[in-house]
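Before any comments, here is the structure.
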Amino acid sequence: MPGDTQESHALAEGIARTSYGKLLAILSVRLRDVSAAEEALSAAFEQALKSWPGNGIPGNPEGWLVQVARNRGVDRLRRQTVRDRIEPALALLAEEAAETNPDELFTDDRLKLLFVCAHPAIDPAMHTPLMLQSVLGLDAARIGSAFLVSPSAMGQRLVRAKTKIRQAGISFEIPEREHLNERVEAVLAAIYAAYGTGWDGDHGADTGTAGLADEALFLGDLLCSLLPSAPEALGLMALMLYTTSRRDARRSTQGAYIPLDRQDTGRWNRSMISRAERLLIEAAAFDKPERYQLEAAIQSAHVKGRLAGRPNWPAIEMLYARLLELAPSLGAFVSHASALAQMGRHEDALARLEAVAGEAGTYQPYWAVRAYCLRQAGRNAEAGKAYDMAIGLSEDASVKAFLGGEKASLGHAG
Amino acid sequence: MKYMILVAETEKEFAMRNEAGTAAFEAFMAPWFAYSSALAQAGVILGGQALMGPETATTVRIRDGKRIVEDGPYADAKEQLGGFFVIDVPDADTARDWAAKAPTSSSGHTDLRKVMPFDGEA
Amino acid sequence: MKYLLALYDDEKQWMSLSEEEMGEVFAAYGAYSEALEEAGAFVSGEPLEPTHIGQRFRTKDGRLVVQDGPFSDTKEQLGGYYLIEAPDLDAALDWAAKCPCASYGVVEVRPVWEM
């Protein structure tokens, strides 16, 4: 029975939305070439829109798409005369003959694709964009926007990265045990970069509005299901869930920014928090506390402190000190200083901030925390200047407004 | 009083930017050199820049906490911003005289805009 | 490398702002300018009076034609500019995103033509 045109379009669109990443992963692994797989998959979708209305929608539309795309990909490889192209083509044909149900390979293939996207031979700055495009099917314009890169430039960078995957012969495999940890680390870093650093509650610090939090949560979830025994994957997921659970509480109904210590905890997403708690406990069972687990533990302490009405700054300060030993970063350093200031040790905090003043430059959270410390120390004139820097370096209008209010209230402080 | 003179050029004029070294380029640039040198000799110029073509433009917006970055200029127009001058002159008439003399006033168009004075400035 | 940040916004919005709101906007621009200067990125910048104070000059049929503003060719109008120094376009876009105008208008980034 011939299918309806509208129905075919709706179905193809639905598949493109929900299964693009899965289909592309299967094809990339099979064709050993992400861009060839993309090209073949889009050709297969086109073919489907032509063929389904007349010939009827196949029983297994996804299988049909993979089959058509694979054949197109193989044809393309066959046509290439370069010698090194013939071999993979032959291997593919052999594999094709042995092809079974694509869904059986599905989980494995997506994991392989994640590892390829975060391969050490590829520029780390491109790990996240590659993942967003090849695993989630985001377009270059959307990815470029999130990373403040023009769409055409992002498009070119993606093409170059994919060419590199092909030319460097990067293999679509799960890394050997001896390299597994560092390779997982790269995947985690790429997912966290998509999330946009989960800074929260430090006197109006703004580390950018990457706006890919949902995509990062999806990738984090995927990674947890693929690597259930990687404690840091669980830690990262917990960290992202804690921060996301407060998303709605960070803005008033009028859109004004509200820092963590003034948020209405009733607007926190409790199911996300309890899931984060469970993940953190699961991760702790491996007894390998590392960066993401520590950051998640800090978030957990924030949440518990707020809910109990007694912020536990000493615990948070200790966790940051531990984090600095394990994974020193400017962000952790500034957060640590912020915790010290909250404990009333603003002179210590200022001394520590002074030590990184040279490298802090245009790092907005540094100025936000510095302004708070100077205010606590009663150095209002300097605090005003630091507030100006924090406002000027923020790209979130509501954070600018919040800090403007803080600055304005300096005169009346105390 | 400070004014900004904005020069809008046609596609043809932007294409000249890639013709450096040719006679056509010299002919295209000559009126601009003459104009900016006149501004300088009159002692009215505060600053100015020529810009790369609209194909090199990128726009940035933040909406609902998300960034939107797009290729191309903001205005969808045939004549695009090609450069600007900032001048300091005694009155609006003098500013209009200078704007009318910009080469783009005969090809493309020239916009004259008054700079917002700071408190205490005339 | 020098880049021009051209700030486009709907000038009609400005007229409906209260004095207090206006003060907040000016403060945000002041902070932004200071951050640019502190980072050594500031070259110059000016806010502009609304377009109805401006004129447009062009030649039609061999005669100079002067048109008074406002010019209705776009929904938003050039409201000011910054000329900045940045190592590359990525860095210039980063500054553009931090400009208060990006949140309610649009910032166009254009590299300066170094002859």
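By convention here, the chains of the structure tokens are called A, B, ... in the order presented, each chain's residues are numbered starting at 1, and ligands are numbered starting at 1 in the order presented.
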
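Around stretch 20-33 of chain C, within 9 Å and counting only C-alpha atoms, the residues found are A:Lys385, A:Tyr387, A:Asp388, A:Met389, A:Ala390, A:Ile391, A:Gly392, A:Leu393, A:Ser394, A:Ala397, A:Lys400, A:Ala401, A:Gly404, C:Trp14, C:Glu37, C:Glu38, C:Phe42, C:Gly45, C:Tyr82, C:Lys98, C:Cys99, C:Pro100, C:Cys101, once anything fewer than 4 positions away on its own chain is removed.
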
Item to complete: For chain C, work out the contacting residues on chain B at 6 Å, counting only C-alpha atoms, and write them as a list in words.
Response: Ala50, Leu51, Met52, Ala57, Thr58, Thr59, Val60, Arg61, Ile62, Ser105, Ser106, His109, Thr110, Asp111, Leu112, Arg113, Lys114, Val115 and Met116 of chain B

Restricted to all heavy atoms, what would the selected residues look like written as a short mmCIF file (atom, residue, chain, number, x, y, z; two decimals), in the first residue's frame?
```
data_model
loop_
_atom_site.label_atom_id
_atom_site.label_comp_id
_atom_site.auth_asym_id
_atom_site.auth_seq_id
_atom_site.Cartn_x
_atom_site.Cartn_y
_atom_site.Cartn_z
N ALA B 50 38.53 52.34 7.85
CA ALA B 50 37.86 51.65 6.74
C ALA B 50 37.61 50.22 7.21
O ALA B 50 38.37 49.68 8.01
CB ALA B 50 38.75 51.65 5.51
N LEU B 51 36.51 49.62 6.74
CA LEU B 51 36.15 48.28 7.20
C LEU B 51 36.26 47.26 6.08
O LEU B 51 36.14 47.61 4.89
CB LEU B 51 34.71 48.28 7.73
CG LEU B 51 34.41 49.27 8.85
CD1 LEU B 51 32.93 49.26 9.16
CD2 LEU B 51 35.24 48.93 10.08
N MET B 52 36.46 46.01 6.45
CA MET B 52 36.40 44.92 5.48
C MET B 52 34.94 44.79 5.04
O MET B 52 34.03 45.27 5.70
CB MET B 52 36.86 43.62 6.11
CG MET B 52 38.25 43.69 6.73
SD MET B 52 39.51 43.11 5.62
CE MET B 52 39.35 41.35 5.88
N ALA B 57 31.31 40.26 8.02
CA ALA B 57 30.58 40.68 9.22
C ALA B 57 29.99 39.48 9.96
O ALA B 57 29.67 38.45 9.35
CB ALA B 57 29.47 41.65 8.84
N THR B 58 29.87 39.62 11.26
CA THR B 58 29.24 38.60 12.11
C THR B 58 28.35 39.35 13.09
O THR B 58 28.75 40.38 13.61
CB THR B 58 30.29 37.82 12.91
OG1 THR B 58 31.35 37.45 12.03
CG2 THR B 58 29.69 36.55 13.52
N THR B 59 27.15 38.86 13.33
CA THR B 59 26.30 39.51 14.33
C THR B 59 26.16 38.63 15.56
O THR B 59 26.18 37.40 15.47
CB THR B 59 24.88 39.80 13.78
OG1 THR B 59 24.27 38.58 13.37
CG2 THR B 59 24.94 40.77 12.61
N VAL B 60 26.05 39.27 16.72
CA VAL B 60 25.92 38.57 17.99
C VAL B 60 24.70 39.12 18.74
O VAL B 60 24.54 40.34 18.86
CB VAL B 60 27.17 38.75 18.87
CG1 VAL B 60 27.02 38.02 20.19
CG2 VAL B 60 28.41 38.28 18.14
N ARG B 61 23.84 38.23 19.19
CA ARG B 61 22.71 38.60 20.03
C ARG B 61 22.66 37.62 21.20
O ARG B 61 23.09 36.49 21.06
CB ARG B 61 21.37 38.40 19.30
CG ARG B 61 21.08 39.32 18.15
CD ARG B 61 19.78 38.83 17.50
NE ARG B 61 19.33 39.68 16.42
CZ ARG B 61 19.78 39.65 15.18
NH1 ARG B 61 20.73 38.79 14.86
NH2 ARG B 61 19.33 40.46 14.25
N ILE B 62 22.10 38.07 22.33
CA ILE B 62 21.82 37.15 23.44
C ILE B 62 20.32 37.21 23.67
O ILE B 62 19.77 38.31 23.88
CB ILE B 62 22.54 37.58 24.73
CG1 ILE B 62 24.01 37.87 24.46
CG2 ILE B 62 22.30 36.58 25.85
CD1 ILE B 62 24.98 36.83 24.85
N SER B 105 28.88 60.23 -0.86
CA SER B 105 27.70 61.06 -1.09
C SER B 105 27.38 61.14 -2.58
O SER B 105 26.28 61.51 -2.96
CB SER B 105 27.90 62.46 -0.52
OG SER B 105 28.04 62.38 0.88
N SER B 106 28.37 60.80 -3.44
CA SER B 106 28.05 60.75 -4.87
C SER B 106 27.87 59.33 -5.37
O SER B 106 27.29 59.10 -6.41
CB SER B 106 29.12 61.49 -5.68
OG SER B 106 30.39 61.33 -5.12
N HIS B 109 25.88 56.02 -0.17
CA HIS B 109 25.34 57.13 0.60
C HIS B 109 26.15 57.37 1.87
O HIS B 109 26.96 56.53 2.27
CB HIS B 109 23.85 56.92 0.92
CG HIS B 109 23.56 55.82 1.89
ND1 HIS B 109 23.17 54.56 1.48
CD2 HIS B 109 23.60 55.78 3.25
CE1 HIS B 109 22.98 53.80 2.56
NE2 HIS B 109 23.24 54.51 3.63
N THR B 110 25.94 58.55 2.45
CA THR B 110 26.68 58.94 3.66
C THR B 110 25.66 59.30 4.73
O THR B 110 24.71 60.03 4.45
CB THR B 110 27.54 60.18 3.36
OG1 THR B 110 28.30 59.94 2.17
CG2 THR B 110 28.47 60.49 4.52
N ASP B 111 25.84 58.78 5.93
CA ASP B 111 24.97 59.16 7.04
C ASP B 111 25.76 60.04 8.00
O ASP B 111 26.92 59.75 8.31
CB ASP B 111 24.47 57.92 7.81
CG ASP B 111 23.31 57.25 7.11
OD1 ASP B 111 22.81 57.82 6.11
OD2 ASP B 111 22.89 56.15 7.55
N LEU B 112 25.11 61.11 8.43
CA LEU B 112 25.72 61.97 9.44
C LEU B 112 24.96 61.77 10.75
O LEU B 112 23.74 61.88 10.78
CB LEU B 112 25.62 63.44 9.01
CG LEU B 112 26.16 64.46 10.03
CD1 LEU B 112 27.67 64.33 10.16
CD2 LEU B 112 25.77 65.87 9.63
N ARG B 113 25.68 61.44 11.79
CA ARG B 113 25.04 61.21 13.09
C ARG B 113 25.75 62.03 14.15
O ARG B 113 26.98 62.11 14.17
CB ARG B 113 25.11 59.72 13.46
CG ARG B 113 24.39 58.78 12.47
CD ARG B 113 22.88 58.89 12.59
NE ARG B 113 22.45 58.68 13.95
CZ ARG B 113 22.24 57.46 14.48
NH1 ARG B 113 22.37 56.38 13.75
NH2 ARG B 113 21.86 57.35 15.74
N LYS B 114 24.95 62.62 15.04
CA LYS B 114 25.54 63.41 16.11
C LYS B 114 25.95 62.48 17.25
O LYS B 114 25.20 61.58 17.62
CB LYS B 114 24.51 64.42 16.61
CG LYS B 114 25.08 65.46 17.57
CD LYS B 114 24.05 66.57 17.79
CE LYS B 114 24.61 67.72 18.58
NZ LYS B 114 24.97 67.37 19.95
N VAL B 115 27.16 62.69 17.76
CA VAL B 115 27.62 61.91 18.90
C VAL B 115 26.95 62.47 20.15
O VAL B 115 26.82 63.69 20.31
CB VAL B 115 29.16 61.99 19.01
CG1 VAL B 115 29.64 61.43 20.34
CG2 VAL B 115 29.80 61.23 17.85
N MET B 116 26.51 61.57 21.04
CA MET B 116 25.84 62.01 22.26
C MET B 116 26.87 62.67 23.18
O MET B 116 27.89 62.05 23.50
CB MET B 116 25.24 60.78 22.95
CG MET B 116 24.10 61.10 23.88
SD MET B 116 23.47 59.58 24.60
CE MET B 116 22.42 58.96 23.29
#
```

Practice prompt. Using only C-alpha atoms, determine which residues lie at most 12 Å from A:Pro231, disregarding the query and same-chain residues fewer than 6 positions distant; provide the list as number ranges by chain.
Written response: A: 181, 184-185, 188, 223-225, 237-238, 279-294, 296

Each chain A residue no farther than 10 Å from chain B, nearest pair in Å, only C-alpha atoms, as JSON lines:
```
{"residue": "A:Ala141", "atom": "CA", "partner": "B:Glu70", "partner_atom": "CA", "distance": 7.2}
{"residue": "A:Arg142", "atom": "CA", "partner": "B:Ile68", "partner_atom": "CA", "distance": 7.6}
{"residue": "A:Ile143", "atom": "CA", "partner": "B:Val69", "partner_atom": "CA", "distance": 9.4}
{"residue": "A:Gly144", "atom": "CA", "partner": "B:Val69", "partner_atom": "CA", "distance": 6.8}
{"residue": "A:Ser145", "atom": "CA", "partner": "B:Val69", "partner_atom": "CA", "distance": 4.5}
{"residue": "A:Ala146", "atom": "CA", "partner": "B:Arg67", "partner_atom": "CA", "distance": 5.9}
{"residue": "A:Phe147", "atom": "CA", "partner": "B:Arg67", "partner_atom": "CA", "distance": 8.4}
{"residue": "A:Leu148", "atom": "CA", "partner": "B:Val69", "partner_atom": "CA", "distance": 6.4}
{"residue": "A:Val149", "atom": "CA", "partner": "B:Val69", "partner_atom": "CA", "distance": 6.9}
{"residue": "A:Ser150", "atom": "CA", "partner": "B:Val69", "partner_atom": "CA", "distance": 5.8}
{"residue": "A:Pro151", "atom": "CA", "partner": "B:Glu70", "partner_atom": "CA", "distance": 6.1}
{"residue": "A:Ser152", "atom": "CA", "partner": "B:Asp71", "partner_atom": "CA", "distance": 6.7}
{"residue": "A:Ala153", "atom": "CA", "partner": "B:Asp71", "partner_atom": "CA", "distance": 9.0}
{"residue": "A:Gly208", "atom": "CA", "partner": "B:Gly65", "partner_atom": "CA", "distance": 8.9}
{"residue": "A:Thr209", "atom": "CA", "partner": "B:Gly65", "partner_atom": "CA", "distance": 5.8}
{"residue": "A:Ala210", "atom": "CA", "partner": "B:Lys66", "partner_atom": "CA", "distance": 6.6}
{"residue": "A:Gly211", "atom": "CA", "partner": "B:Lys66", "partner_atom": "CA", "distance": 5.2}
{"residue": "A:Leu212", "atom": "CA", "partner": "B:Lys66", "partner_atom": "CA", "distance": 8.6}
{"residue": "A:Gly255", "atom": "CA", "partner": "B:Asp64", "partner_atom": "CA", "distance": 9.5}
{"residue": "A:Glu395", "atom": "CA", "partner": "B:Ile62", "partner_atom": "CA", "distance": 8.0}
{"residue": "A:Asp396", "atom": "CA", "partner": "B:Gly65", "partner_atom": "CA", "distance": 6.9}
{"residue": "A:Ala397", "atom": "CA", "partner": "B:Gly65", "partner_atom": "CA", "distance": 8.7}
{"residue": "A:Ser398", "atom": "CA", "partner": "B:Gly65", "partner_atom": "CA", "distance": 9.4}
```

Worksheet item: How far is it from atom CA of C:Ala41 to atom CA of C:Tyr81, in Å with one decimal?
Response: 13.7 Å

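Minimum distance to chain A across C:Asp90, C:Glu85, C:Asp61, C:Asp10 (counting only C-alpha atoms) occurs at C:Asp90.
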
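Between atom CA of A:Glu176 and atom CA of A:Ile191 the separation is 21.2 Å.
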
Fill in: Residue neighbourhood stretch 108-125 of chain A, 8 Å, only C-alpha atoms, exclusion window fewer than 5 positions, as a ChimeraX atom specification
/A:21-22,25-26,28-29,130-131,134-135,161,164-165,168,170-175,183-184,186-187,190,223,226

Would you mind exporting C-alpha atoms of the selected residues as a PDB file, in the first residue's frame?
```pdb
ATOM      1  CA  GLY A  21      22.761  10.393  16.357  1.00  0.00           C
ATOM      2  CA  LYS A  22      22.188   6.684  16.619  1.00  0.00           C
ATOM      3  CA  ALA A  25      26.982   6.509  14.856  1.00  0.00           C
ATOM      4  CA  ILE A  26      26.198   3.178  13.206  1.00  0.00           C
ATOM      5  CA  SER A  28      30.298   6.347  10.989  1.00  0.00           C
ATOM      6  CA  VAL A  29      31.637   3.206  12.544  1.00  0.00           C
ATOM      7  CA  LEU A 130      32.222  17.343  16.976  1.00  0.00           C
ATOM      8  CA  MET A 131      30.176  15.496  19.605  1.00  0.00           C
ATOM      9  CA  SER A 134      27.858  13.838  15.143  1.00  0.00           C
ATOM     10  CA  VAL A 135      26.114  12.410  18.196  1.00  0.00           C
ATOM     11  CA  ALA A 161      38.247  18.025  12.206  1.00  0.00           C
ATOM     12  CA  LYS A 164      41.573  14.834  10.259  1.00  0.00           C
ATOM     13  CA  ILE A 165      39.695  11.815  11.629  1.00  0.00           C
ATOM     14  CA  ALA A 168      44.888  10.355  10.577  1.00  0.00           C
ATOM     15  CA  ILE A 170      41.685   7.439  13.843  1.00  0.00           C
ATOM     16  CA  SER A 171      40.077   4.135  14.661  1.00  0.00           C
ATOM     17  CA  PHE A 172      36.496   3.719  15.767  1.00  0.00           C
ATOM     18  CA  GLU A 173      37.254   1.562  18.769  1.00  0.00           C
ATOM     19  CA  ILE A 174      36.852   1.517  22.479  1.00  0.00           C
ATOM     20  CA  PRO A 175      40.334   2.363  23.787  1.00  0.00           C
ATOM     21  CA  ARG A 183      40.295   8.925  26.981  1.00  0.00           C
ATOM     22  CA  VAL A 184      37.231   8.935  29.242  1.00  0.00           C
ATOM     23  CA  ALA A 186      38.607  13.824  27.384  1.00  0.00           C
ATOM     24  CA  VAL A 187      35.015  12.737  26.731  1.00  0.00           C
ATOM     25  CA  ALA A 190      33.968  17.773  26.182  1.00  0.00           C
ATOM     26  CA  LEU A 223      27.826   8.111  28.831  1.00  0.00           C
ATOM     27  CA  LEU A 226      27.472   3.181  28.308  1.00  0.00           C
TER      28      LEU A 226
END
```

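Relative to atom CA of B:Ala27, atom CA of B:Asp93 is found at 29.6 Å.
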
Worksheet item: Which of these residues is nearest to chain C, using only C-alpha atoms: A:Gly220, A:Thr244, A:Arg76, A:Asp206?
Response: A:Asp206

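Distances here use only C-alpha atoms; by that measure, the residue among C:Pro70, C:Met15, C:Ala39, C:Ile84 closest to chain A is C:Ala39.
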
Worksheet item: DSSP on the backbone: what in chain C comes out alpha helix (DSSP H), as a count of residues only?
Response: 40
